[in-house]
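Engineer: Questions regarding the structure given below will be posed in turn.
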Amino acid sequence: MNNRVINWFKFSSPQTFYPLAGKLIPWFWALTAAFGLAGLYVGFFVAPTDAQQGEGYRIIFIHVPASWMSMFLYLVMAFWAALGLGFNTRLSGMMASALAPTGALMAFLSLWTGALWGKPMWGTWWVWDARLTSELILFFLYLGFIALQSAIDDARRADKAGAVLALVGVVNIPIIYFSVKWWNTLHQGASVSLTKSPSMAQTMLWGMLLMALAFWMYSIAVSLTRVRAIILERERHAGWVEELSEVKPS
Amino acid sequence: MNWGSASEFFAMGGHAFYVWGAFGACALLMIVEPILARRRRSNALDELRREMRARKESNE
């Protein structure tokens with residue numbers, strides 16, 4: 001049988017990762033569309049009207065996936081940043097930089113959809129409650145990471161500075177996640193938890209999970225597109241870049 | 001099926017502004033972000049070609 005060992009370090013070089021990412025991107029877009037359409041169908045046409053919140057609750061189908069992704073992407077970004085600091089691999093820093101704008105977008109969407117949900121249900125767009133405030137801090141951490149990196153001309157030094165910021169900010173993630181347990185918040189508790197069965201209708205849960213998968217695939221597709229741009233920007237003096245078919249003058 | 005008609009669907013039980021405001025912003029950003037990411041790559045490629053041409057000319 002095929003028990004060939006994959007050499008993962010091979011993919012940590014920008015030269016091998018660049019074409020690989022290019023091949024993967026269309027597949028992740030296809031998965032985004034498939035999960036997204038399925039999720040929207042379930043979310044709007046299968047999931048029943050909520051007894052308390054009427055149709056307004058349907059915001060959950062983007063609010064929860066965006067919030068999950070905003071936290072998850074931060075952890076992935078911090079992971080790459082740490083790897084870059086520890087092993088000094090070139091690609092790690094590029095991955096961290098490529099993830100930051102998408103993470104910021106997810107954090108923004110989480111806050112935006114939350115405000116539009118809070119207004120009809122709580123009667124207010126915003127409250128300074130622990131969950132909302134810590135998510136806002138997450139948004140600012142992403143923006144701070146991007147601003148810090150763009151303020152430093154030398155890419156390797158920008159990676160290092162960004163990595164330190166990203167790692168310090170990791171402490172905010174458990175705060176967001178557990179805020180609804182630790183403090184008395186206006187925000188409702190977790191709809192889905194690992195320890196008890198979800199407190200929502202099956203079809204609502206399915207819609208939410210499908211949308212979460214769609215957001216996940218979207219994030220991968222768009223970050224791979226961005227990391228390819230970053231590779232070209234940073235490796236433009238490397239010989240392999242000039243050999244690329246898309247660079248050759250037509 | 002939750003909706004009797006298309007207008008009922010778009011009304012979202014009186015929450016149209018909030019539901020479509022949320023989904024609309026999400027759709028808009030998820031269309032714009034990939035376009036910006038792709039543009040960044042094609043800008044990088046343009047820059048690269050320009051540099052290569054300049055180098056070639058200075059060699060000749």
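Naming scheme: A, B, ... for chains in displayed order of the structure tokens; residues 1 onward per chain; ligands 1 onward as shown.
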Check every residue of chain A for an atom within 9 Å of chain B, counting only C-alpha atoms, and provide those that qualify as a PyMOL selection string.

Structural biologist: chain A and resi 44-49+54-59+62-63+101-102+105+109+112-117+119-120+218+221-223+225-230+232-233+236-237+241-242+246-249

Engineer: Write out as a count of residues only the set of residues from stretch 1-197 of chain A that DSSP, computed on the backbone, places in helix (DSSP H, G or I).

Structural biologist: 151

Engineer: What does the structure give for the distance between atom CA of A:Ala98 and atom CA of A:Lys23, in Å to one decimal?

Structural biologist: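 Result for atom CA of A:Ala98 versus atom CA of A:Lys23: 17.4 Å, one decimal.
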
Engineer: Find the residues near A:Ala212: any atom within 10 Å, counting only C-alpha atoms, skip ones fewer than 4 places away on the same chain, and give them as an NGL selection string.

Structural biologist: :A and (32 or 35-36 or 39 or 61-69 or 206-208 or 216-218)

Engineer: Calculated over only C-alpha atoms, which of the candidates A:Glu235, A:Ala130, A:Phe17, A:Ala78 has the smallest distance to A:Ser179?

Structural biologist: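 Checking each of A:Glu235, A:Ala130, A:Phe17, A:Ala78 against A:Ser179, counting only C-alpha atoms, the winner is A:Ala130.
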
Engineer: What does the distance between atom CA of A:Lys160 and atom CA of A:Gly84 come to in Å, to one decimal place?

Structural biologist: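 Here the two named atoms are 7.7 Å from each other.
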
Engineer: What's the separation between atom CA of A:Val42 and atom CA of A:Leu210, in Å to one decimal place?

Structural biologist: 8.5 Å
